[in-house]
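**Student:** What follows is start_15.txt, made up of compact mmCIF, C-alpha atoms:
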```txt
# COMPACT_ATOMS: atom_id res chain seq x y z
CA MET C 1 79.17 77.42 78.41
CA LYS C 2 80.64 80.84 79.07
CA HIS C 3 82.74 81.28 82.21
CA LEU C 4 83.07 84.42 84.34
CA LEU C 5 85.62 85.20 87.04
CA LEU C 6 85.33 87.84 89.75
CA ILE C 7 88.92 88.44 90.80
CA GLY C 8 89.72 90.31 94.00
CA ILE C 9 92.81 92.43 93.38
CA GLY C 10 93.32 94.02 96.79
CA PRO C 11 93.01 97.66 97.87
CA GLY C 12 95.57 99.11 95.46
CA ASN C 13 99.00 97.57 95.85
CA PRO C 14 99.68 95.30 92.84
CA ARG C 15 101.83 93.10 95.09
CA GLN C 16 98.84 92.33 97.31
CA ILE C 17 97.05 90.09 94.86
CA THR C 18 97.17 86.39 95.68
CA LEU C 19 98.85 83.58 93.76
CA GLU C 20 95.36 82.25 93.04
CA ALA C 21 94.45 85.61 91.48
CA ILE C 22 97.59 85.56 89.32
CA ASP C 23 96.70 82.06 88.10
CA ALA C 24 93.18 83.27 87.33
CA LEU C 25 94.43 86.28 85.35
CA GLN C 26 96.33 83.92 83.10
CA ARG C 27 93.16 82.00 82.20
CA VAL C 28 91.14 85.00 81.01
CA ASP C 29 90.25 85.72 77.37
CA VAL C 30 88.28 88.93 77.96
CA PHE C 31 88.67 91.51 80.75
CA PHE C 32 85.74 93.86 81.35
CA VAL C 33 86.74 97.27 82.70
CA LEU C 34 84.35 100.03 83.79
CA ASP C 35 85.47 103.57 82.95
CA LYS C 36 84.26 106.16 85.46
CA HIS C 37 85.60 109.04 83.31
CA GLN C 38 87.46 110.71 86.14
CA GLU C 39 90.32 112.96 85.15
CA HIS C 40 92.86 111.19 87.36
CA ASP C 41 91.58 107.62 87.62
CA ASP C 42 94.51 105.74 89.11
CA ARG C 43 92.25 102.75 89.63
CA LEU C 44 91.91 102.22 85.88
CA ARG C 45 95.66 102.64 85.42
CA LEU C 46 96.44 100.13 88.17
CA ARG C 47 94.13 97.54 86.60
CA LYS C 48 95.95 97.88 83.28
CA GLU C 49 99.31 97.59 85.02
CA LEU C 50 98.18 94.37 86.69
CA LEU C 51 97.22 92.92 83.33
CA ALA C 52 100.51 93.95 81.75
CA GLN C 53 102.39 92.23 84.56
CA HIS C 54 100.37 89.06 85.10
CA ALA C 55 98.06 88.26 82.16
CA ALA C 56 100.04 85.74 80.13
CA GLN C 57 97.84 84.62 77.25
CA PRO C 58 96.54 87.01 74.58
CA TYR C 59 93.44 88.76 75.86
CA ARG C 60 90.90 91.38 74.86
CA LEU C 61 90.21 94.42 77.02
CA VAL C 62 86.63 95.67 76.81
CA GLN C 63 86.34 99.12 78.38
CA VAL C 64 82.84 100.54 78.81
CA ASP C 65 81.23 103.55 80.47
CA ASP C 66 80.08 102.88 84.02
CA PRO C 67 76.45 103.89 84.70
CA GLN C 68 76.26 106.76 87.16
CA ARG C 69 74.41 106.52 90.47
CA ASP C 70 72.33 109.49 91.60
CA SER C 71 74.35 110.37 94.70
CA GLU C 72 71.95 113.18 95.66
CA ALA C 73 68.76 111.11 95.60
CA ALA C 74 66.63 111.28 98.74
CA ASP C 75 65.87 107.57 98.45
CA TYR C 76 69.35 106.09 98.85
CA VAL C 77 68.29 102.44 98.64
CA GLY C 78 66.10 103.08 95.61
CA ALA C 79 68.91 104.95 93.84
CA VAL C 80 71.35 102.09 94.48
CA GLN C 81 68.84 99.50 93.27
CA ASP C 82 68.26 101.50 90.07
CA TRP C 83 72.03 101.77 89.57
CA HIS C 84 72.37 98.01 90.02
CA ARG C 85 69.69 97.38 87.42
CA GLN C 86 71.56 99.61 84.95
CA ARG C 87 74.77 97.72 85.63
CA ALA C 88 73.01 94.36 85.30
CA ALA C 89 71.70 95.35 81.87
CA LEU C 90 75.22 96.42 80.87
CA TYR C 91 76.84 93.23 82.18
CA GLY C 92 74.23 91.13 80.38
CA ARG C 93 75.07 92.82 77.09
CA LEU C 94 78.80 92.31 77.68
CA LEU C 95 78.37 88.62 78.38
CA ALA C 96 76.12 88.20 75.35
CA ASP C 97 78.10 90.24 72.83
CA GLU C 98 81.73 90.22 73.96
CA LEU C 99 82.25 86.73 75.40
CA GLY C 100 82.16 83.69 73.17
CA VAL C 101 81.04 80.19 74.10
CA GLY C 102 83.91 78.43 75.83
CA GLU C 103 85.67 81.71 76.64
CA CYS C 104 86.56 83.04 80.08
CA GLY C 105 85.76 86.63 81.02
CA ALA C 106 86.65 88.53 84.18
CA PHE C 107 85.97 91.61 86.25
CA LEU C 108 88.87 92.89 88.39
CA LEU C 109 87.35 93.97 91.70
CA TRP C 110 88.97 96.15 94.33
CA GLY C 111 89.53 94.45 97.65
CA GLU C 112 87.45 91.38 98.43
CA PRO C 113 84.49 90.50 96.14
CA GLY C 114 82.41 89.37 99.13
CA LEU C 115 82.91 92.50 101.26
CA TYR C 116 81.28 95.80 100.26
CA ASP C 117 81.17 94.97 96.56
CA SER C 118 77.88 94.63 94.71
CA THR C 119 78.97 92.63 91.66
CA LEU C 120 77.62 89.31 92.96
CA ARG C 121 74.22 90.89 93.64
CA ILE C 122 74.22 92.56 90.22
CA LEU C 123 74.96 89.28 88.43
CA GLU C 124 71.86 87.76 90.04
CA LEU C 125 69.76 90.35 88.17
CA ILE C 126 71.08 89.45 84.72
CA GLU C 127 68.57 88.05 82.26
CA GLY C 128 70.69 86.76 79.44
CA PRO C 129 73.17 84.07 78.46
CA ALA C 130 73.93 81.25 80.87
CA PHE C 131 77.39 81.34 82.39
CA SER C 132 79.34 79.65 85.15
CA LEU C 133 80.78 81.83 87.89
CA GLU C 134 83.94 81.61 89.98
CA VAL C 135 84.97 84.04 92.73
CA ILE C 136 88.67 84.58 93.54
CA PRO C 137 89.01 86.12 97.02
CA GLY C 138 91.23 89.12 97.61
CA ILE C 139 92.72 91.21 100.39
CA SER C 140 90.25 93.79 101.66
CA SER C 141 90.98 97.35 102.68
CA VAL C 142 89.95 96.31 106.19
CA GLN C 143 92.73 93.75 106.36
CA ALA C 144 95.22 96.20 104.86
CA LEU C 145 94.19 98.89 107.38
CA ALA C 146 94.88 96.60 110.35
CA ALA C 147 98.20 95.48 108.90
CA ARG C 148 99.42 98.99 108.19
CA HIS C 149 98.51 100.18 111.69
CA ARG C 150 99.93 96.96 113.19
CA ILE C 151 96.79 96.14 115.16
CA PRO C 152 94.48 93.10 115.33
CA LEU C 153 90.92 93.70 114.21
CA ASN C 154 89.46 91.56 116.97
CA ARG C 155 89.60 92.08 120.71
CA ILE C 156 89.05 89.36 123.29
CA GLY C 157 85.37 88.72 123.85
CA GLU C 158 84.21 91.60 121.60
CA PRO C 159 82.40 91.49 118.27
CA LEU C 160 83.70 93.46 115.30
CA GLN C 161 81.14 95.57 113.44
CA ILE C 162 81.53 96.73 109.83
CA LEU C 163 79.12 99.30 108.43
CA PRO C 164 78.89 102.17 105.92
CA GLY C 165 79.48 105.73 107.05
CA ARG C 166 75.86 106.74 106.47
CA ARG C 167 74.82 104.36 109.30
CA LEU C 168 77.39 105.49 111.86
CA ALA C 169 75.08 108.02 113.53
CA GLU C 170 72.62 105.22 114.33
CA VAL C 171 75.08 103.31 116.52
CA GLN C 172 74.30 103.79 120.20
CA ARG C 173 77.66 102.68 121.56
CA ILE C 174 80.89 102.14 119.63
CA ASP C 175 83.35 99.58 120.95
CA ASN C 176 85.13 98.05 117.95
CA LEU C 177 83.79 99.20 114.62
CA VAL C 178 85.10 99.47 111.04
CA VAL C 179 83.60 102.14 108.79
CA MET C 180 83.71 102.00 105.00
CA LEU C 181 82.31 104.28 102.30
CA ASP C 182 82.16 107.36 104.52
CA GLY C 183 82.09 110.09 101.92
CA LYS C 184 80.67 112.63 104.38
CA CYS C 185 83.15 112.01 107.23
CA ALA C 186 80.57 110.91 109.80
CA PHE C 187 83.33 110.41 112.37
CA ALA C 188 83.72 114.20 112.62
CA ALA C 189 80.37 114.49 114.41
CA LEU C 190 81.36 112.10 117.20
CA ASP C 191 82.36 113.70 120.49
CA ASP C 192 83.06 110.60 122.61
CA PRO C 193 86.42 111.23 124.36
CA GLU C 194 87.09 107.51 124.81
CA LEU C 195 87.28 106.66 121.10
CA ASP C 196 90.50 106.07 119.18
CA ILE C 197 90.61 106.07 115.38
CA TYR C 198 92.85 104.20 112.95
CA TRP C 199 92.37 105.81 109.53
CA GLY C 200 93.92 105.03 106.17
CA ALA C 201 93.53 106.22 102.58
CA TYR C 202 94.91 104.72 99.34
CA LEU C 203 96.04 101.76 101.42
CA GLY C 204 99.01 99.88 100.05
CA THR C 205 99.80 102.42 97.33
CA ALA C 206 102.56 104.98 96.99
CA ASP C 207 100.03 107.66 98.03
CA GLU C 208 99.02 105.90 101.26
CA ILE C 209 98.06 108.16 104.19
CA LEU C 210 97.80 106.86 107.77
CA VAL C 211 96.57 108.70 110.86
CA SER C 212 95.83 107.22 114.26
CA GLY C 213 95.21 108.43 117.81
CA PRO C 214 92.43 109.71 120.08
CA LEU C 215 89.58 110.73 117.79
CA GLN C 216 89.11 114.17 119.33
CA GLU C 217 92.80 114.97 118.89
CA VAL C 218 93.28 113.80 115.30
CA LYS C 219 89.90 114.29 113.59
CA ALA C 220 90.89 117.74 112.26
CA GLN C 221 94.13 116.29 110.89
CA ILE C 222 92.21 113.56 109.09
CA LEU C 223 89.70 116.00 107.62
CA ALA C 224 92.49 118.24 106.31
CA ALA C 225 94.47 115.32 104.87
CA ARG C 226 91.36 113.90 103.23
CA GLU C 227 90.37 117.22 101.65
CA GLN C 228 93.88 117.80 100.29
CA ALA C 229 94.15 114.26 98.91
CA ARG C 230 90.81 114.49 97.13
CA ALA C 231 91.81 117.84 95.63
CA ASP C 232 95.12 116.40 94.42
CA LYS C 233 93.83 113.11 92.99
CA GLY C 234 90.18 113.78 92.21
CA TRP C 235 89.02 110.78 94.26
CA ILE C 236 89.65 109.15 97.61
CA MET C 237 89.24 105.65 98.97
CA ASP C 238 89.56 105.47 102.76
CA THR C 239 88.63 103.17 105.62
CA TYR C 240 88.88 103.50 109.37
CA LEU C 241 88.49 101.64 112.65
CA LEU C 242 86.87 103.25 115.68
CA ARG C 243 87.78 101.60 118.97
CA ARG C 244 86.95 102.40 122.58
CA SER C 245 90.07 102.87 124.66
CA MET C 246 90.71 100.17 127.21
CA ALA C 247 92.91 100.16 130.27
CA PRO C 248 95.96 97.94 129.73
CA VAL C 249 95.61 94.41 131.07
CA LYS C 250 97.98 93.63 133.94
CA LEU C 251 99.67 90.26 133.60
```
Rewrite the structure of this file - the entire thing - as structure tokens.
**Tutor:**
Amino acid sequence: MKHLLLIGIGPGNPRQITLEAIDALQRVDVFFVLDKHQEHDDRLRLRKELLAQHAAQPYRLVQVDDPQRDSEAADYVGAVQDWHRQRAALYGRLLADELGVGECGAFLLWGEPGLYDSTLRILELIEGPAFSLEVIPGISSVQALAARHRIPLNRIGEPLQILPGRRLAEVQRIDNLVVMLDGKCAFAALDDPELDIYWGAYLGTADEILVSGPLQEVKAQILAAREQARADKGWIMDTYLLRRSMAPVKL
């Protein structure tokens, strides 16, 4: 039987991987790495640094081109499903051709494999060799965001919502809401004066950027910082929490 690990490696800081993840790295024979062919891909470099630091036994590194999603498609869901099918075909070939019987392979996944990562869904589409699967949890960007801003994610008696930026405009009332994958800065269109924002980019890395405050006062600052960071690095990974201001509780 072939064995596959999905290892959560946190949002970018190599010190934020767990002891369980380090143990898992030391069991792996083959690491599969997707190359997005971006000029300044720090994410690929950080993966290789993790392996140099923590992978103990001899291993093979299989680096392949990542299929590209049509980001301009009118049918967003259809484009994502097509992209997943392309990835599933690629992963099936990797498991068939690059991983031997009795060997352990692994994908290193940003953040937490069960939160806003599609690898588990993609693996369900694979038609190919049988393999056993193990998921190693990681620290998500949501957890890192709360820690860096020194705030709890939950508030007494309130639910916490997590959604992608493309769905933000559909929300009728925002009380306590985390937004991920907001490439078009949907927060900029909000005009509610009672909302605060806690924003972070490149969380946990040397390039980390944090901005917080009343949304109407700091949104321009966030937009400028985000534009400059993307120009400098060629990519950006950011997350934010929107929260309705509350009067302080008198004890």
**Student:** When you count all atoms listed in the file, which of these residues is closest to C:Gln68: C:Leu34, C:Val101, C:Ala231, C:Ala206?
**Tutor:**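 Residue with the minimum atom-to-atom distance to C:Gln68: C:Leu34.
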**Student:** Could you jot down the atom CA of C:Leu94 to atom CA of C:Gly10 separation for me, Å, one decimal place?
**Tutor:**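 We find that atom CA of C:Leu94 and atom CA of C:Gly10 lie 24.1 Å from each other.
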**Student:** Let me make sure I understand: among C:Asp23, C:Leu215, C:Arg244, C:Leu223, which one has the smallest atom-to-atom distance to C:Ile174 if we use all atoms listed in the file?
**Tutor:**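 Residue with the minimum atom-to-atom distance to C:Ile174: C:Arg244.
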**Student:** Calculated over only C-alpha atoms, which of the candidates C:Ala21, C:Val142, C:Ile7, C:Leu95 has the smallest distance to C:Gln161?
**Tutor:** C:Val142
**Student:** As a ChimeraX atom specification, please: the residues near stretch 200-202 of chain C (cut-off 10 Å, all atoms listed in the file, same-chain neighbours under 3 positions excluded).
**Tutor:** /C:11-13,141-142,144-146,148-149,197,205-212,222,225-226,229,235-241
**Student:** Taking into account only C-alpha atoms, which residue in the set C:Arg155, C:Lys2, C:Arg15, C:Arg60 is nearest to C:Phe32?
**Tutor:**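 The shortest atom-to-atom distance to C:Phe32 comes from C:Arg60.
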**Student:** Would you mind reading off the distance between atom CA of C:Gln16 and atom CA of C:Asp29, one decimal, in Å?
**Tutor:** 22.7 Å
**Student:** Report, in Å with one decimal, the straight-line distance from atom CA of C:Arg45 to atom CA of C:Leu203.
**Tutor:**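 Going from atom CA of C:Arg45 over to atom CA of C:Leu203 covers 16.0 Å.
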**Student:** Might you pull out every residue within 10 Å of stretch 61-63 of chain C, with all atoms listed in the file counted and same-chain residues fewer than 3 positions away left off, and present them as a PyMOL selection string?
**Tutor:** chain C and resi 29-35+44+48+51+66+94+98+105-106
**Student:** Please provide as a list of chain:residue names all residues within 10 Å of C:Arg87, with the sequence filter that same-chain residues fewer than 5 positions apart are discarded (counting only C-alpha atoms).
**Tutor:**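 Selected residues are C:Asp66, C:Pro67, C:Gln68, C:Gln81, C:Asp82, C:Gly92, C:Arg93, C:Thr119, C:Ile122, C:Leu123, C:Leu125, C:Ile126.
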**Student:** Tell me, as JSON, numbers by chain, which residues lie within 7 Å of C:Ala186, counting only C-alpha atoms; anything in the same chain fewer than 2 positions away does not count.
**Tutor:** {"C": [165, 168, 182, 184, 188, 189]}
